[in-house]
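**Student:** Below you'll find my_file-v4.cif; it's mmCIF, C-alpha atoms and all ligand atoms.
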```
data_query
loop_
_atom_site.label_atom_id
_atom_site.label_comp_id
_atom_site.auth_asym_id
_atom_site.auth_seq_id
_atom_site.Cartn_x
_atom_site.Cartn_y
_atom_site.Cartn_z
CA MET A 728 -87.65 42.55 -169.91
CA SER A 729 -90.69 41.12 -168.17
CA GLU A 730 -92.51 41.17 -171.53
CA LEU A 731 -90.55 38.09 -172.59
CA LYS A 732 -91.84 35.93 -169.74
CA VAL A 733 -94.85 33.68 -170.13
CA PRO A 734 -97.76 36.07 -169.55
CA THR A 735 -99.71 35.63 -166.34
CA CYS A 736 -102.95 37.25 -165.21
CA ILE A 737 -102.26 40.31 -163.09
CA TRP A 738 -105.12 39.47 -160.70
CA CYS A 739 -105.21 35.68 -160.24
CA GLY A 740 -101.64 34.89 -161.31
CA LYS A 741 -102.72 32.12 -163.66
CA THR A 742 -100.54 31.46 -166.73
CA ILE A 743 -102.31 32.66 -169.85
CA ILE A 744 -103.11 29.91 -172.35
CA PRO A 745 -102.60 31.25 -175.88
CA THR A 746 -106.04 30.01 -176.96
CA GLU A 747 -108.01 31.82 -174.24
CA TYR A 748 -109.68 35.21 -174.70
CA PHE A 749 -107.27 37.27 -172.64
CA VAL A 750 -106.46 40.95 -173.00
CA LYS A 751 -103.27 42.96 -172.72
CA PHE A 752 -103.06 46.74 -172.54
CA PRO A 753 -100.88 49.44 -170.99
CA CYS A 754 -102.10 50.73 -167.62
CA PRO A 755 -104.76 53.35 -168.53
CA ASN A 756 -103.50 55.67 -165.82
CA CYS A 757 -99.71 55.62 -166.12
CA GLY A 758 -99.02 53.61 -169.28
CA GLY A 759 -95.92 52.28 -167.55
CA VAL A 760 -96.93 48.66 -167.10
CA THR A 761 -98.64 46.10 -169.32
CA ILE A 762 -101.81 44.82 -167.68
CA THR A 763 -102.69 41.24 -168.65
CA ARG A 764 -106.11 39.88 -167.66
CA CYS A 765 -107.12 36.26 -168.13
CA GLU A 766 -110.41 35.29 -169.74
CA ARG A 767 -112.15 34.49 -166.47
CA CYS A 768 -111.04 37.54 -164.52
CA ARG A 769 -112.10 39.73 -167.40
CA LYS A 770 -115.42 37.98 -167.82
CA PHE A 771 -116.28 38.22 -164.14
CA GLY A 772 -115.19 41.83 -163.87
CA ARG A 773 -112.52 41.03 -161.31
CA PRO A 774 -110.23 43.93 -160.45
CA TYR A 775 -106.68 44.57 -161.60
CA LYS A 776 -104.14 46.78 -159.89
CA CYS A 777 -101.26 48.52 -161.59
CA PRO A 778 -98.04 47.63 -159.73
CA LYS A 779 -96.51 50.96 -160.71
CA CYS A 780 -99.15 53.63 -160.00
CA GLY A 781 -101.65 51.67 -157.91
CA PHE A 782 -104.57 52.31 -160.26
CA VAL A 783 -107.36 49.80 -159.68
CA GLY A 784 -109.61 48.86 -162.58
CA PRO A 785 -111.74 48.05 -164.44
CA MET B 864 -105.72 64.04 -155.76
CA THR B 865 -106.78 66.82 -153.45
CA SER B 866 -109.37 66.76 -150.71
CA ALA B 867 -113.09 66.75 -151.45
CA GLU B 868 -113.43 70.48 -150.81
CA THR B 869 -110.72 71.54 -153.22
CA TYR B 870 -111.14 68.92 -155.94
CA GLU B 871 -111.30 70.69 -159.27
CA TYR B 872 -113.87 69.20 -161.59
CA LEU B 873 -113.58 69.32 -165.37
CA LEU B 874 -116.58 71.67 -165.27
CA PRO B 875 -118.19 73.34 -162.27
CA LEU B 876 -120.04 70.67 -160.34
CA GLU B 877 -123.36 72.47 -160.84
CA SER B 878 -123.06 72.19 -164.64
CA LEU B 879 -122.26 68.50 -164.38
CA VAL B 880 -125.20 67.86 -162.07
CA VAL B 881 -127.64 69.77 -164.31
CA SER B 882 -126.86 67.32 -167.15
CA GLY B 883 -127.89 64.46 -164.87
CA ILE B 884 -124.68 62.41 -165.28
CA GLN B 885 -125.00 61.35 -161.64
CA ILE B 886 -128.53 59.96 -161.96
CA GLY B 887 -128.36 56.18 -161.96
CA THR B 888 -131.18 53.65 -161.98
CA LYS B 889 -133.12 51.79 -159.30
CA ILE B 890 -130.93 48.76 -159.85
CA LYS B 891 -127.42 48.40 -158.46
CA THR B 892 -125.01 45.66 -159.54
CA LYS B 893 -122.17 44.57 -157.29
CA HIS B 894 -119.65 45.76 -159.88
CA MET B 895 -121.02 49.29 -159.79
CA GLU B 896 -121.29 49.55 -156.03
CA PRO B 897 -117.90 51.32 -155.59
CA TYR B 898 -119.08 54.18 -157.81
CA ILE B 899 -122.35 54.84 -155.99
CA TYR B 900 -122.57 57.83 -153.71
CA ARG B 901 -126.02 57.37 -152.18
CA VAL B 902 -129.52 56.11 -152.74
CA ARG B 903 -132.37 58.59 -153.03
CA PRO B 904 -135.55 58.07 -150.96
CA ASP B 905 -137.34 57.02 -154.17
CA GLY B 906 -134.82 54.21 -154.60
CA LEU B 907 -132.73 55.77 -157.35
CA PHE B 908 -128.99 55.15 -156.99
CA ILE B 909 -126.82 58.25 -157.39
CA ILE B 910 -123.34 57.98 -158.91
CA ASP B 911 -120.36 59.72 -157.31
CA THR B 912 -119.66 62.57 -159.75
CA ARG B 913 -116.07 62.83 -158.63
CA LYS B 914 -115.48 59.23 -159.70
CA THR B 915 -117.02 60.00 -163.09
CA ASP B 916 -114.72 63.01 -163.41
CA GLU B 917 -111.63 61.00 -162.43
CA ARG B 918 -112.46 58.21 -164.87
CA VAL B 919 -113.07 60.63 -167.75
CA ARG B 920 -109.55 61.95 -167.17
CA ILE B 921 -108.03 58.46 -167.09
CA ALA B 922 -109.98 57.26 -170.13
CA ALA B 923 -108.86 60.33 -172.08
CA LYS B 924 -105.24 59.75 -171.12
CA PHE B 925 -105.58 56.13 -172.25
CA MET B 926 -107.30 57.03 -175.53
CA ALA B 927 -104.67 59.65 -176.32
CA THR B 928 -102.02 56.91 -176.48
CA PHE B 929 -103.79 55.26 -179.46
CA PRO B 930 -103.93 56.53 -183.04
CA PRO B 931 -107.39 58.18 -183.39
CA SER B 932 -108.38 56.06 -186.37
CA SER B 933 -107.68 52.88 -184.37
CA ILE B 934 -110.40 53.64 -181.79
CA ALA B 935 -113.94 52.43 -182.53
CA VAL B 936 -116.73 54.14 -180.57
CA VAL B 937 -120.04 52.28 -180.46
CA SER B 938 -123.62 53.27 -179.69
CA PHE B 939 -126.58 51.11 -180.51
CA ARG B 940 -129.05 53.28 -178.60
CA LEU B 941 -130.34 56.43 -180.23
CA TYR B 942 -129.49 58.90 -177.47
CA GLY B 943 -125.84 57.92 -177.68
CA GLN B 944 -125.59 58.34 -181.42
CA THR B 945 -125.24 62.12 -181.77
CA PRO B 946 -122.79 62.28 -178.83
CA VAL B 947 -120.67 59.52 -180.39
CA ALA B 948 -120.83 61.05 -183.88
CA LYS B 949 -119.73 64.44 -182.50
CA PHE B 950 -117.07 62.87 -180.31
CA CYS B 951 -115.61 61.15 -183.37
CA GLU B 952 -115.83 64.30 -185.47
CA VAL B 953 -113.79 66.16 -182.87
CA THR B 954 -111.28 63.41 -182.06
CA GLY B 955 -110.95 61.48 -185.34
CA CYS B 956 -112.11 58.20 -183.82
CA VAL B 957 -114.39 55.88 -185.79
CA PRO B 958 -118.12 55.80 -184.92
CA ILE B 959 -120.25 52.65 -185.17
CA LEU B 960 -123.87 53.75 -184.76
CA GLY B 961 -127.04 51.72 -184.57
CA ARG B 962 -127.02 47.98 -184.95
CA PHE B 963 -123.48 46.59 -184.69
CA PRO B 964 -122.68 44.69 -187.90
CA PRO B 965 -121.85 41.13 -186.77
CA GLY B 966 -118.26 40.31 -187.67
CA ALA B 967 -117.17 43.96 -187.90
CA PHE B 968 -114.18 43.16 -185.64
CA THR B 969 -113.79 39.44 -186.26
CA ASN B 970 -114.68 38.59 -189.86
CA PRO B 971 -112.45 40.07 -192.60
CA LEU B 972 -115.15 39.20 -195.12
CA CYS B 973 -117.69 41.43 -193.37
CA PRO B 974 -118.28 44.63 -195.47
CA SER B 975 -117.85 46.82 -192.39
CA TYR B 976 -114.73 44.97 -191.19
CA MET B 977 -112.20 47.09 -189.32
CA GLU B 978 -109.19 46.41 -187.13
CA PRO B 979 -109.41 48.74 -184.14
CA GLN B 980 -106.92 48.64 -181.27
CA LEU B 981 -109.33 50.04 -178.68
CA VAL B 982 -113.12 49.93 -178.36
CA MET B 983 -115.38 52.30 -176.46
CA VAL B 984 -119.04 51.46 -175.86
CA THR B 985 -121.92 53.60 -174.65
CA ASP B 986 -123.94 50.91 -172.88
CA PRO B 987 -122.59 47.42 -172.13
CA ALA B 988 -126.11 45.96 -172.28
CA ALA B 989 -127.04 47.43 -175.66
CA ASP B 990 -123.54 47.14 -177.14
CA GLU B 991 -123.03 43.54 -176.12
CA GLN B 992 -122.18 42.35 -179.65
CA ALA B 993 -119.29 44.82 -179.93
CA ILE B 994 -117.95 43.83 -176.50
CA GLY B 995 -118.20 40.13 -177.35
CA GLU B 996 -116.22 40.56 -180.55
CA ALA B 997 -113.63 42.76 -178.85
CA SER B 998 -113.11 40.11 -176.17
CA LYS B 999 -112.58 37.40 -178.78
CA ILE B 1000 -109.70 39.26 -180.38
CA GLY B 1001 -108.23 40.72 -177.19
CA LEU B 1002 -109.11 44.38 -177.67
CA PRO B 1003 -109.27 46.55 -174.56
CA VAL B 1004 -112.76 47.97 -173.93
CA ILE B 1005 -113.77 51.25 -172.27
CA ALA B 1006 -117.45 51.48 -171.28
CA LEU B 1007 -119.85 54.06 -169.94
CA CYS B 1008 -121.47 52.09 -167.12
CA ASP B 1009 -124.67 52.92 -165.27
CA THR B 1010 -125.59 51.54 -161.84
CA ASP B 1011 -127.45 48.62 -163.43
CA ASN B 1012 -124.64 47.47 -165.76
CA VAL B 1013 -122.71 44.23 -165.39
CA VAL B 1014 -118.99 44.85 -165.84
CA GLU B 1015 -118.20 41.86 -168.02
CA ASN B 1016 -115.30 41.92 -170.50
CA ILE B 1017 -114.74 45.60 -169.79
CA ASP B 1018 -111.29 46.98 -168.99
CA LEU B 1019 -112.10 50.53 -168.00
CA VAL B 1020 -115.37 51.78 -166.51
CA ILE B 1021 -116.58 55.36 -166.73
CA PRO B 1022 -119.41 55.41 -164.19
CA THR B 1023 -122.22 57.63 -165.47
CA ASN B 1024 -125.86 57.87 -166.42
CA ASN B 1025 -125.63 56.25 -169.86
CA LYS B 1026 -129.29 56.62 -170.76
CA GLY B 1027 -130.14 60.31 -170.54
CA ARG B 1028 -129.87 62.54 -173.60
CA LYS B 1029 -128.14 65.40 -171.81
CA ALA B 1030 -125.98 63.14 -169.66
CA LEU B 1031 -124.60 61.35 -172.72
CA ALA B 1032 -123.91 64.65 -174.45
CA MET B 1033 -122.06 65.90 -171.37
CA VAL B 1034 -119.90 62.84 -170.83
CA TYR B 1035 -118.85 62.56 -174.49
CA TRP B 1036 -118.19 66.31 -174.66
CA LEU B 1037 -115.99 66.17 -171.54
CA LEU B 1038 -114.19 63.14 -172.90
CA ALA B 1039 -113.61 64.75 -176.32
CA ARG B 1040 -112.17 67.88 -174.73
CA GLN B 1041 -109.98 65.88 -172.40
CA VAL B 1042 -108.67 63.68 -175.23
CA LEU B 1043 -107.62 66.79 -177.18
CA ARG B 1044 -105.98 68.19 -174.05
CA GLU B 1045 -104.08 64.95 -173.48
CA ARG B 1046 -102.94 64.87 -177.11
CA GLY B 1047 -101.75 68.45 -176.81
CA ALA B 1048 -104.10 69.51 -179.61
CA ILE B 1049 -105.48 72.16 -177.24
CA SER B 1050 -103.92 73.52 -174.05
CA THR B 1051 -104.52 71.75 -170.73
CA ASP B 1052 -107.28 74.25 -169.93
CA GLY B 1053 -108.35 74.72 -173.55
CA ASN B 1054 -111.93 74.37 -174.71
CA LEU B 1055 -113.76 72.78 -177.61
CA SER B 1056 -115.09 75.04 -180.35
CA VAL B 1057 -118.26 72.94 -180.24
CA PRO B 1058 -120.69 73.56 -177.35
CA VAL B 1059 -122.03 70.65 -175.32
CA GLU B 1060 -125.53 71.27 -176.76
CA ASP B 1061 -124.25 70.20 -180.17
CA PHE B 1062 -123.50 66.77 -178.69
CA GLU B 1063 -127.16 66.22 -177.77
CA THR B 1064 -129.46 64.02 -179.78
CA LYS B 1065 -132.25 66.47 -180.56
CA LEU B 1066 -135.75 65.35 -179.75
CA THR B 1067 -137.09 66.62 -183.09
CA GLU B 1068 -134.77 64.32 -185.00
CA SER B 1069 -135.48 61.36 -182.75
CA LYS B 1070 -137.66 58.61 -184.07
CA GLU B 1071 -138.06 56.45 -181.04
CA GLU B 1072 -135.78 55.50 -178.24
CA THR B 1073 -134.47 51.98 -178.63
ZN ZN A 1101 -107.11 35.96 -163.90
ZN ZN A 1102 -100.32 52.42 -163.71
#
```
Show me the file's structure as structure tokens.
**Tutor:**
Amino acid sequence: MSELKVPTCIWCGKTIIPTEYFVKFPCPNCGGVTITRCERCRKFGRPYKCPKCGFVGP
Amino acid sequence: MTSAETYEYLLPLESLVVSGIQIGTKIKTKHMEPYIYRVRPDGLFIIDTRKTDERVRIAAKFMATFPPSSIAVVSFRLYGQTPVAKFCEVTGCVPILGRFPPGAFTNPLCPSYMEPQLVMVTDPAADEQAIGEASKIGLPVIALCDTDNVVENIDLVIPTNNKGRKALAMVYWLLARQVLRERGAISTDGNLSVPVEDFETKLTESKEET
């Protein structure tokens, strides 16, 4: 499962450092994919796109 | 989704518009630009009601996947407090009204400490403390965002007038109904037993707007 890989930010692709303020949640629209956003992308309100349903947030 | 002409709103468009949910402010942030429909001659930015409607549906779907008691709903400002209290009464979520107790999400020694899994805020500017704490512990955040809000540490935006008394009542009422529909607690076209008026902060009980 992809969940076991080192988590990376869905927008910028950066590897998540365990000490940063990242967030992880199921896609609000389809629930089918875990969205991981790094601290910076989240702070700057950068978008994320669900690879399964195409939903673009935040 | 269907075309603009046949899009079915959660309530008739006229009822939504009467509540003023589309009325933004005279300030537009770059984050909120995609949700803006037009600018009025007096400089007021108008939110695209269809986008509000779509986001209420998505937020409700998202909320319905969490246990009700694990969702904290926050409103510092007075006009959001009755809507949030009613929303929580109907859905079983946990309201945090007025000043956010520092440490409520991050300090187990805080008397009002709780461990939510999802946080919803009424106004990112006024509810900044709650958002800050949620970001420190990695909680997803849903926010009602007006045209002047900065989308910082927010994971799901519901674009709406988040300042008006009637607009806040309307958006929380729609959201409450949609959450119950998504949970299957009422049918997909079922209604709340509570009218939208009951979600309004009444002017008689208001002290002063903060
Ligand atoms: Zn990133
Ligand atoms: Zn999705």
**Student:** For chain B against chain A, which residues fall within 7 Å using only C-alpha atoms, given as a PyMOL selection string?
**Tutor:** chain B and resi 921-922+924-925+998-1003+1014-1020
**Student:** For range 903-911 of chain B, list every protein, DNA or RNA residue within 8 Å, evaluated using only C-alpha atoms, and leave out those in the same chain fewer than 4 positions away; present the list as a ChimeraX atom specification.
**Tutor:** /B:884-891,898-899,915,1010,1022-1024
**Student:** Record the distance separating CA of Val1004 in chain B and CA of Gly1027 in chain B, expressed in Å with one decimal.
**Tutor:**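 It comes out at 21.6 Å.
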**Student:** Considering only C-alpha atoms, can you say which of B:Thr945, B:Asp1011, B:Ser932, B:Arg962 comes closest to Gln980 in chain B?
**Tutor:** B:Ser932
**Student:** So, counting all atoms listed in the file, which residue among A:Val733, A:Ile743, A:Cys765, A:Val760 is closest to ligand ZN 1102 (chain A)?
**Tutor:** A:Val760
**Student:** As a list in words, please: the residues near Ala988 in chain B (cut-off 8 Å, all atoms listed in the file, same-chain neighbours under 2 positions excluded).
**Tutor:** Asp986, Asp990, Glu991, Asn1012 and Val1013 of chain B
**Student:** Return the single residue from A:Pro778, A:Thr763, A:Thr746, A:Cys739 that is closest to ligand ZN 1101 (chain A), with distances computed using only C-alpha atoms and all ligand atoms.
**Tutor:** A:Cys739
**Student:** For CA of Phe963 in chain B and CA of Gln992 in chain B, determine how far apart the two atoms are, in Å to one decimal place.
**Tutor:**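 Distance between the two atoms: 6.7 Å.
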**Student:** Tell me, as a list in words, which residues lie within 10 Å of Glu1060 in chain B, counting only C-alpha atoms; anything in the same chain fewer than 5 positions away does not count.
**Tutor:** Pro946, Lys1029, Ala1032, Met1033, Trp1036 and Lys1065 of chain B
**Student:** For the selection just defined, write its residues with C-alpha atoms to a file, as a PDB file, in the coordinates of the input.
**Tutor:**
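Full text of part39.pdb as output:
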```
ATOM      1  CA  PRO B 946    -122.790  62.280-178.830  1.00  0.00           C
ATOM      2  CA  LYS B1029    -128.140  65.400-171.810  1.00  0.00           C
ATOM      3  CA  ALA B1032    -123.910  64.650-174.450  1.00  0.00           C
ATOM      4  CA  MET B1033    -122.060  65.900-171.370  1.00  0.00           C
ATOM      5  CA  TRP B1036    -118.190  66.310-174.660  1.00  0.00           C
ATOM      6  CA  LYS B1065    -132.250  66.470-180.560  1.00  0.00           C
TER       7      LYS B1065
END
```
**Student:** Could you tell me how far CA of Thr928 in chain B sits from CA of Thr969 in chain B, in Å to one decimal place?
**Tutor:** 23.2 Å
**Student:** When distances are computed from only C-alpha atoms, which of B:Leu960, B:Ile1021, B:Val984, B:Val880 shows the smallest separation from Val919 in chain B?
**Tutor:**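 Of B:Leu960, B:Ile1021, B:Val984, B:Val880, the one nearest Val919 in chain B is B:Ile1021, counting only C-alpha atoms.
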**Student:** If we count all atoms listed in the file and set the cut-off at 9 Å, which residues sit around Ser975 in chain B, ignoring sequence neighbours fewer than 6 positions away in its own chain? Please answer as a PyMOL selection string.
**Tutor:** chain B and resi 964-968
**Student:** Output C-alpha atoms for every residue in that selection, as a PDB file, keeping the file's coordinate frame.
**Tutor:**
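Heads up, here's the output in part.pdb:
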```
ATOM      1  CA  PRO B 964    -122.680  44.690-187.900  1.00  0.00           C
ATOM      2  CA  PRO B 965    -121.850  41.130-186.770  1.00  0.00           C
ATOM      3  CA  GLY B 966    -118.260  40.310-187.670  1.00  0.00           C
ATOM      4  CA  ALA B 967    -117.170  43.960-187.900  1.00  0.00           C
ATOM      5  CA  PHE B 968    -114.180  43.160-185.640  1.00  0.00           C
TER       6      PHE B 968
END
```
